[in-house]
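Novice: The following file, entry_1.cif, comprises mmCIF, C-alpha atoms and all ligand atoms:
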```
data_structure
#
loop_
_atom_site.label_atom_id
_atom_site.label_comp_id
_atom_site.auth_asym_id
_atom_site.auth_seq_id
_atom_site.Cartn_x
_atom_site.Cartn_y
_atom_site.Cartn_z
CA MET I 24 -10.50 -11.66 -11.02
CA LYS I 25 -9.18 -9.12 -8.55
CA LYS I 26 -8.11 -5.80 -9.99
CA PHE I 27 -4.52 -4.87 -9.31
CA LEU I 28 -4.05 -2.00 -6.90
CA ILE I 29 -1.10 0.30 -7.49
CA THR I 30 -0.59 2.81 -4.71
CA ALA I 31 1.56 5.84 -5.42
CA ASN I 32 3.13 7.06 -2.21
CA TRP I 33 4.47 10.58 -2.71
CA LYS I 34 5.68 10.79 0.90
CA LEU I 35 6.76 14.35 1.82
CA ASN I 36 6.93 15.54 -1.78
CA GLY I 37 4.78 17.64 -4.08
CA SER I 38 3.41 21.16 -4.31
CA TYR I 39 0.63 22.98 -6.18
CA ASN I 40 3.19 23.71 -8.84
CA PHE I 41 4.15 20.03 -9.14
CA ILE I 42 0.52 18.91 -9.31
CA ASN I 43 -0.49 21.59 -11.81
CA LYS I 44 2.43 20.69 -14.04
CA ASN I 45 1.55 16.98 -13.89
CA ILE I 46 -2.22 17.02 -13.71
CA ASP I 47 -2.73 16.16 -17.37
CA LEU I 48 -0.46 13.15 -16.95
CA ILE I 49 -2.26 12.15 -13.77
CA LYS I 50 -5.63 12.30 -15.54
CA LYS I 51 -4.17 10.47 -18.54
CA ILE I 52 -3.29 7.44 -16.39
CA ASN I 53 -6.99 6.62 -16.32
CA ASP I 54 -6.99 5.98 -20.09
CA TYR I 55 -4.68 3.01 -19.59
CA LEU I 56 -6.51 1.36 -16.72
CA HIS I 57 -8.35 -1.88 -17.41
CA PHE I 58 -6.96 -4.39 -14.94
CA CYS I 59 -5.57 -1.93 -12.41
CA HIS I 60 -6.81 0.68 -10.02
CA ILE I 61 -4.46 3.48 -9.10
CA SER I 62 -4.54 5.22 -5.76
CA LEU I 63 -2.57 8.40 -5.20
CA ALA I 64 -1.14 9.19 -1.78
CA PRO I 65 0.01 12.81 -1.85
CA PRO I 66 0.61 14.71 1.42
CA TYR I 67 -2.67 15.47 3.26
CA VAL I 68 -2.87 19.07 2.15
CA TYR I 69 -3.16 18.15 -1.52
CA LEU I 70 -5.69 15.30 -1.23
CA ASN I 71 -8.70 17.53 -1.68
CA TYR I 72 -7.14 19.44 -4.55
CA ILE I 73 -6.28 16.26 -6.46
CA ASN I 74 -9.71 14.81 -5.76
CA GLN I 75 -11.43 17.31 -8.04
CA PHE I 76 -9.42 16.02 -11.02
CA ILE I 77 -9.97 12.29 -10.50
CA LYS I 78 -13.71 12.12 -9.96
CA ASN I 79 -15.33 9.46 -12.19
CA THR I 80 -12.01 7.75 -12.89
CA SER I 81 -10.39 4.53 -11.67
CA ILE I 82 -7.99 6.65 -9.67
CA SER I 83 -8.68 7.01 -5.97
CA LEU I 84 -7.14 8.71 -2.98
CA THR I 85 -4.97 7.25 -0.26
CA ALA I 86 -3.89 9.06 2.89
CA GLN I 87 -0.38 8.50 4.18
CA ASN I 88 -1.40 8.47 7.83
CA VAL I 89 -4.26 9.03 10.26
CA ASP I 90 -4.73 9.69 13.95
CA ILE I 91 -6.27 7.22 16.40
CA HIS I 92 -8.65 9.88 17.73
CA LEU I 93 -11.83 10.93 16.04
CA LYS I 94 -12.00 14.47 17.44
CA GLY I 95 -10.88 16.65 20.28
CA SER I 96 -7.75 18.32 21.58
CA PHE I 97 -5.16 16.63 19.42
CA THR I 98 -3.31 19.49 17.79
CA GLY I 99 -1.85 18.72 14.42
CA GLU I 100 -3.79 15.51 13.83
CA THR I 101 -6.26 14.42 11.16
CA SER I 102 -9.11 11.98 11.77
CA ILE I 103 -10.54 9.18 9.69
CA ASN I 104 -13.85 11.00 9.27
CA MET I 105 -12.07 14.07 7.96
CA LEU I 106 -10.28 11.92 5.40
CA LYS I 107 -13.57 10.27 4.49
CA ASP I 108 -15.13 13.71 4.12
CA ILE I 109 -12.69 14.63 1.37
CA GLY I 110 -13.05 11.36 -0.53
CA VAL I 111 -10.15 9.24 0.75
CA LYS I 112 -10.57 5.49 0.26
CA TYR I 113 -7.36 3.93 1.61
CA ILE I 114 -5.00 4.81 4.45
CA ILE I 115 -1.40 3.66 4.65
CA ILE I 116 -0.42 2.61 8.15
CA GLY I 117 2.68 1.01 9.59
CA HIS I 118 4.99 2.39 6.94
CA SER I 119 8.56 1.83 8.10
CA GLU I 120 9.26 5.56 7.87
CA ARG I 121 6.54 6.24 10.43
CA ARG I 122 7.70 3.37 12.61
CA LEU I 123 11.25 4.71 12.46
CA TYR I 124 10.95 8.50 12.45
CA HIS I 125 7.75 8.87 14.48
CA ASN I 126 8.22 5.99 16.89
CA GLU I 127 4.97 4.32 15.87
CA ASN I 128 4.78 0.93 17.54
CA ILE I 129 2.73 -2.14 16.70
CA ASN I 130 0.05 -1.31 19.28
CA LEU I 131 -0.59 2.12 17.83
CA ILE I 132 -0.65 0.69 14.32
CA ALA I 133 -3.09 -2.02 15.43
CA LYS I 134 -5.39 0.67 16.89
CA LYS I 135 -5.26 2.60 13.62
CA PHE I 136 -6.00 -0.54 11.60
CA ILE I 137 -9.10 -1.40 13.62
CA LEU I 138 -10.40 2.16 13.69
CA ILE I 139 -10.01 2.53 9.93
CA LYS I 140 -11.97 -0.68 9.37
CA GLU I 141 -14.68 0.33 11.83
CA HIS I 142 -15.15 3.59 9.94
CA GLY I 143 -15.42 2.01 6.52
CA LEU I 144 -12.08 2.92 4.96
CA ILE I 145 -9.44 0.46 3.85
CA PRO I 146 -6.12 0.15 5.64
CA ILE I 147 -2.95 -0.58 3.70
CA LEU I 148 -0.88 -2.24 6.38
CA CYS I 149 2.85 -2.14 5.66
CA ILE I 150 4.86 -4.93 7.16
CA GLY I 151 8.42 -6.05 6.64
CA GLU I 152 11.80 -6.71 8.14
CA THR I 153 15.02 -4.70 8.46
CA LYS I 154 18.28 -5.84 6.89
CA GLU I 155 19.49 -7.05 10.25
CA GLN I 156 16.32 -9.02 10.91
CA LYS I 157 16.60 -10.60 7.47
CA LYS I 158 20.19 -11.57 8.21
CA TYR I 159 19.00 -13.43 11.30
CA LYS I 160 16.12 -15.04 9.38
CA LEU I 161 13.50 -13.23 11.42
CA THR I 162 11.30 -12.13 8.53
CA GLU I 163 8.43 -14.50 9.29
CA LYS I 164 8.52 -13.73 12.99
CA ILE I 165 8.50 -9.96 12.42
CA CYS I 166 5.63 -10.08 9.94
CA ILE I 167 3.54 -12.38 12.11
CA ASN I 168 4.14 -10.14 15.14
CA GLN I 169 2.76 -7.24 13.17
CA ILE I 170 -0.31 -9.26 12.17
CA ASN I 171 -0.73 -10.65 15.69
CA SER I 172 -0.87 -7.22 17.32
CA ILE I 173 -3.99 -6.53 15.27
CA LEU I 174 -5.50 -9.95 15.96
CA LYS I 175 -4.88 -9.54 19.67
CA LEU I 176 -6.54 -6.15 19.84
CA SER I 177 -9.54 -7.00 17.71
CA ASN I 178 -9.92 -10.62 18.77
CA ASN I 179 -11.45 -11.34 15.40
CA VAL I 180 -9.55 -12.43 12.30
CA ASN I 181 -12.37 -11.10 10.11
CA ILE I 182 -10.92 -7.64 10.76
CA PHE I 183 -8.52 -8.50 7.89
CA GLU I 184 -11.33 -8.96 5.38
CA ASN I 185 -11.14 -6.41 2.54
CA THR I 186 -7.86 -4.96 3.67
CA ILE I 187 -4.46 -4.66 2.07
CA ILE I 188 -1.23 -6.04 3.40
CA ALA I 189 1.81 -4.51 1.77
CA TYR I 190 4.95 -6.58 2.21
CA GLU I 191 7.73 -4.02 2.16
CA PRO I 192 11.16 -5.25 3.23
CA ILE I 193 12.55 -2.14 4.89
CA TRP I 194 15.98 -2.59 3.31
CA ALA I 195 14.38 -2.56 -0.14
CA ILE I 196 12.54 0.75 0.27
CA GLY I 197 14.25 3.50 -1.68
CA SER I 198 17.45 1.46 -1.91
CA GLY I 199 17.26 0.44 -5.56
CA LYS I 200 17.38 -3.21 -4.43
CA ILE I 201 14.29 -5.35 -4.82
CA ALA I 202 13.53 -8.42 -2.77
CA ASN I 203 14.09 -11.87 -4.19
CA ILE I 204 10.83 -12.98 -5.76
CA ASP I 205 10.94 -16.43 -4.14
CA GLU I 206 11.35 -14.83 -0.76
CA VAL I 207 8.41 -12.52 -1.45
CA LYS I 208 6.34 -15.53 -2.48
CA ASN I 209 7.33 -17.48 0.63
CA ILE I 210 6.48 -14.72 3.04
CA ILE I 211 3.14 -13.94 1.37
CA PHE I 212 2.27 -17.66 1.40
CA PHE I 213 3.30 -17.84 5.03
CA ILE I 214 1.06 -14.91 6.00
CA ARG I 215 -1.81 -16.28 3.94
CA LYS I 216 -1.49 -19.66 5.64
CA TYR I 217 -1.34 -18.04 9.04
CA ILE I 218 -4.49 -15.97 8.53
CA SER I 219 -6.22 -18.95 6.85
CA SER I 220 -5.58 -21.03 9.94
CA PHE I 221 -8.13 -18.78 11.70
CA ASN I 222 -10.57 -18.42 8.82
CA LYS I 223 -10.06 -19.81 5.33
CA LYS I 224 -12.85 -17.78 3.77
CA ILE I 225 -11.44 -14.32 4.24
CA ILE I 226 -8.06 -14.88 2.64
CA GLU I 227 -9.37 -14.31 -0.89
CA ASN I 228 -10.55 -10.90 0.26
CA ILE I 229 -7.15 -9.71 1.36
CA TYR I 230 -4.92 -7.94 -1.13
CA PHE I 231 -1.17 -8.45 -0.99
CA GLN I 232 1.02 -5.70 -2.38
CA TYR I 233 4.76 -5.70 -2.76
CA GLY I 234 6.71 -2.49 -2.15
CA GLY I 235 10.41 -1.65 -2.28
CA SER I 236 12.29 -0.10 -5.21
CA VAL I 237 9.86 -1.26 -7.89
CA ASP I 238 10.60 0.34 -11.26
CA TYR I 239 10.26 -0.26 -14.99
CA SER I 240 13.45 -2.28 -15.21
CA ASN I 241 12.62 -4.77 -12.45
CA ILE I 242 8.81 -4.99 -12.51
CA ASP I 243 8.90 -8.12 -14.72
CA ASN I 244 10.14 -10.08 -11.73
CA PHE I 245 6.83 -9.49 -9.99
CA LEU I 246 4.39 -9.84 -12.85
CA ASN I 247 2.67 -13.15 -13.56
CA LYS I 248 2.68 -13.90 -9.87
CA THR I 249 -0.86 -14.62 -8.88
CA TYR I 250 -0.21 -14.08 -5.19
CA ILE I 251 0.67 -10.42 -5.70
CA ASN I 252 -2.34 -8.16 -6.15
CA GLY I 253 -0.57 -4.87 -6.54
CA PHE I 254 2.35 -2.62 -5.68
CA LEU I 255 3.17 0.18 -3.32
CA ILE I 256 5.42 2.55 -5.19
CA GLY I 257 7.42 5.46 -3.84
CA LYS I 258 10.12 7.09 -5.91
CA VAL I 259 8.86 6.22 -9.38
CA SER I 260 5.41 7.65 -8.63
CA LEU I 261 6.90 11.14 -8.49
CA LYS I 262 8.13 10.96 -12.06
CA LEU I 263 4.75 10.84 -13.73
CA LYS I 264 6.02 9.89 -17.17
CA ASN I 265 7.97 6.96 -15.72
CA PHE I 266 5.01 6.02 -13.56
CA ILE I 267 2.80 5.86 -16.64
CA PHE I 268 5.35 3.63 -18.43
CA LEU I 269 5.27 1.36 -15.42
CA VAL I 270 1.47 1.26 -15.28
CA LYS I 271 1.32 0.53 -19.01
CA LYS I 272 3.76 -2.33 -18.62
CA ILE I 273 1.73 -3.83 -15.79
CA GLU I 274 -1.51 -3.44 -17.77
CA LYS I 275 0.05 -5.05 -20.86
CA ASN I 276 1.23 -7.99 -18.82
CA LEU I 277 -2.11 -8.46 -17.09
CA ASN I 278 -3.89 -8.21 -20.42
CA SER I 279 -1.83 -10.96 -22.02
CA ASN I 280 -2.11 -13.26 -19.04
CA TRP I 281 -5.62 -12.76 -17.80
CA SER I 282 -7.75 -11.94 -20.82
C1 LIG J 301 7.64 2.98 -0.08
O1 LIG J 301 8.11 3.96 0.51
O2 LIG J 301 6.65 2.41 0.35
C2 LIG J 301 8.32 2.52 -1.29
C3 LIG J 301 7.97 1.35 -1.78
O3 LIG J 301 9.26 3.36 -1.82
P1 LIG J 301 10.20 3.06 -3.08
O4 LIG J 301 9.31 2.58 -4.21
O5 LIG J 301 10.85 4.35 -3.38
O6 LIG J 301 11.16 1.99 -2.66
#
```
Let me see whether you can do it: turn the structure in this file into structure tokens.
Specialist:
Amino acid sequence: MKKFLITANWKLNGSYNFINKNIDLIKKINDYLHFCHISLAPPYVYLNYINQFIKNTSISLTAQNVDIHLKGSFTGETSINMLKDIGVKYIIIGHSERRLYHNENINLIAKKFILIKEHGLIPILCIGETKEQKKYKLTEKICINQINSILKLSNNVNIFENTIIAYEPIWAIGSGKIANIDEVKNIIFFIRKYISSFNKKIIENIYFQYGGSVDYSNIDNFLNKTYINGFLIGKVSLKLKNFIFLVKKIEKNLNSNWS
């Protein structure tokens, strides 16, 4: 049985004050974890600070971004090896906010994906369609394009082994509206089938997360669905008490269904 992976994306939020106020709650999350792993994605500058509190727990660190260069004259950037150095395990790439506000295109994201894999960390690849693309029934095409850019660059489908694909409809992120569960199922099945058509064996080693306005009141829609292996959570992860309620609910559900 795969453990669930819940990634808490803090985006551009947090401070020493915020962390210090919440650190007991953060550490407490570990007491509830049996079927889930939690990975926290604070802004870069707090990764190392948080790391000292989560050693020997089932809580790990995720970075929200990484550069495609490993060293050199790239002012303002952070490399994979630097992230590795401070104990990061996962790196989010392709988040719609980076695609939109930082003009990151599929080629750059593909480069990041491959580099992360080559250096032994785990990419969390966000894919998903805009509202407009959904309206024109382009969801499958958009998601496959995003997968294809990686396949094209690496020329080897095994690059997807032990990685995470987070299906995040862009219109659902931060909007309070979740995606229809049947549509989530269809798109995940579609992607699975597509990758399987190259190599059946690796598909069981790919995690599929859902992200987009997940909270305590709507999480039931996504539980009991064997094709979802976790969640990428933004807003709720900043309210630690609510985040713990959410984690407890997920754990309770997994306990009653899987044990
Ligand atoms: C996200 O930004 O990846 C996300 C899922 O955010 P939210 O949970 O706030 O919709």
Novice: Hey, what's within 12 Å of Lys262 of chain I if we count all atoms listed in the file and toss same-chain stuff fewer than 3 positions away? As a VMD selection string, please?
Specialist: chain I and resid 31 to 33 36 to 37 41 to 42 44 to 45 48 to 49 238 to 239 256 to 259 265 to 269
Novice: Within 6 Å of ligand LIG 301 (chain J), which residues show up when you count all atoms listed in the file? List them as a list in words, please.
Specialist: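 So the residues close to ligand LIG 301 (chain J) are Ile196, Gly197, Gly234, Gly235, Ser236, Val237, Leu255, Ile256, Gly257 and Lys258 of chain I.
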Novice: Excluding Lys224 of chain I and its own-chain neighbours fewer than 6 positions away, which residues fall within 12 Å of it when counting all atoms listed in the file? Please give them as a list in words.
Specialist: Val180, Asn181, Phe183, Glu184, Asn185, Arg215, Lys216 and Ile218 of chain I
Novice: Which residues are close to Asp108 of chain I, i.e. within 12 Å by all atoms listed in the file, leaving aside same-chain residues fewer than 6 positions away? Reply as a VMD selection string.
Specialist: chain I and resid 70 to 71 74 84 101 to 102 142 to 144
Novice: List the neighbours of segment 120-133 of chain I out to 10 Å using only C-alpha atoms; skip same-chain residues closer than 6 positions along the sequence, and give me the result as a list in words.
Specialist: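 These residues fall inside the cut-off: Lys34, Gln87, Asn88, Val89, Asp90, Ile91, Ile139, Leu148, Cys149, Asn168, Gln169, Ile170, Asn171, Ser172, Ile173, Leu174, Lys175, Leu176, Ser177, Ile193 and Ile196 of chain I.
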Novice: Using all atoms listed in the file, find the one residue out of I:His118, I:Leu263, I:Thr249, I:Pro146 that sits nearest to Leu277 of chain I.
Specialist: I:Thr249
Novice: Near segment 158-163 of chain I, counting only C-alpha atoms, which residues have an atom at most 9 Å away, once you skip same-chain residues fewer than 3 positions from it, shown as a PyMOL selection string?
Specialist: chain I and resi 151-155+166-168+192+210+213-214
Novice: Just to be explicit: take each residue in the selection above, keep C-alpha atoms, and write the result as a PDB file, in the coordinates of the input.
Specialist:
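Output saved as again38.pdb:
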```pdb
ATOM      1  CA  GLY I 151       8.420  -6.050   6.640  1.00  0.00           C
ATOM      2  CA  GLU I 152      11.800  -6.710   8.140  1.00  0.00           C
ATOM      3  CA  THR I 153      15.020  -4.700   8.460  1.00  0.00           C
ATOM      4  CA  LYS I 154      18.280  -5.840   6.890  1.00  0.00           C
ATOM      5  CA  GLU I 155      19.490  -7.050  10.250  1.00  0.00           C
ATOM      6  CA  CYS I 166       5.630 -10.080   9.940  1.00  0.00           C
ATOM      7  CA  ILE I 167       3.540 -12.380  12.110  1.00  0.00           C
ATOM      8  CA  ASN I 168       4.140 -10.140  15.140  1.00  0.00           C
ATOM      9  CA  PRO I 192      11.160  -5.250   3.230  1.00  0.00           C
ATOM     10  CA  ILE I 210       6.480 -14.720   3.040  1.00  0.00           C
ATOM     11  CA  PHE I 213       3.300 -17.840   5.030  1.00  0.00           C
ATOM     12  CA  ILE I 214       1.060 -14.910   6.000  1.00  0.00           C
TER      13      ILE I 214
END
```
Novice: Between atom CA of Lys26 of chain I and atom CA of Cys59 of chain I, measure the distance and give it in Å to one decimal.
Specialist: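 It comes out at 5.2 Å.
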Novice: Point out the residue among I:Ser219, I:Asn209, I:Thr30, I:Asn40 with the least atom-to-atom distance to Thr85 of chain I, counting all atoms listed in the file.
Specialist: I:Thr30
Novice: Determine the nearest neighbour of Asn228 of chain I from the options I:Ser83, I:Asn247, I:Thr186, I:Asn252, counting all atoms listed in the file.
Specialist: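 That would be I:Thr186, the residue with the smallest distance to Asn228 of chain I.
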Novice: Using all atoms listed in the file, can you list as a PyMOL selection string the residues within 8 Å of (-3.8, -9.3, 0.3)?
Specialist: chain I and resi 186-189+226-232+251-252
Novice: Counting all atoms listed in the file, which of I:Ile182, I:Gly99, I:Val270, I:Tyr67 gets nearest to Phe136 of chain I?
Specialist: I:Ile182
Novice: Considering all atoms listed in the file, can you say which of I:Asn241, I:Ser220, I:Ser38, I:Asn53 comes closest to Leu261 of chain I?
Specialist: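 For Leu261 of chain I, the nearest of the given residues is I:Ser38.
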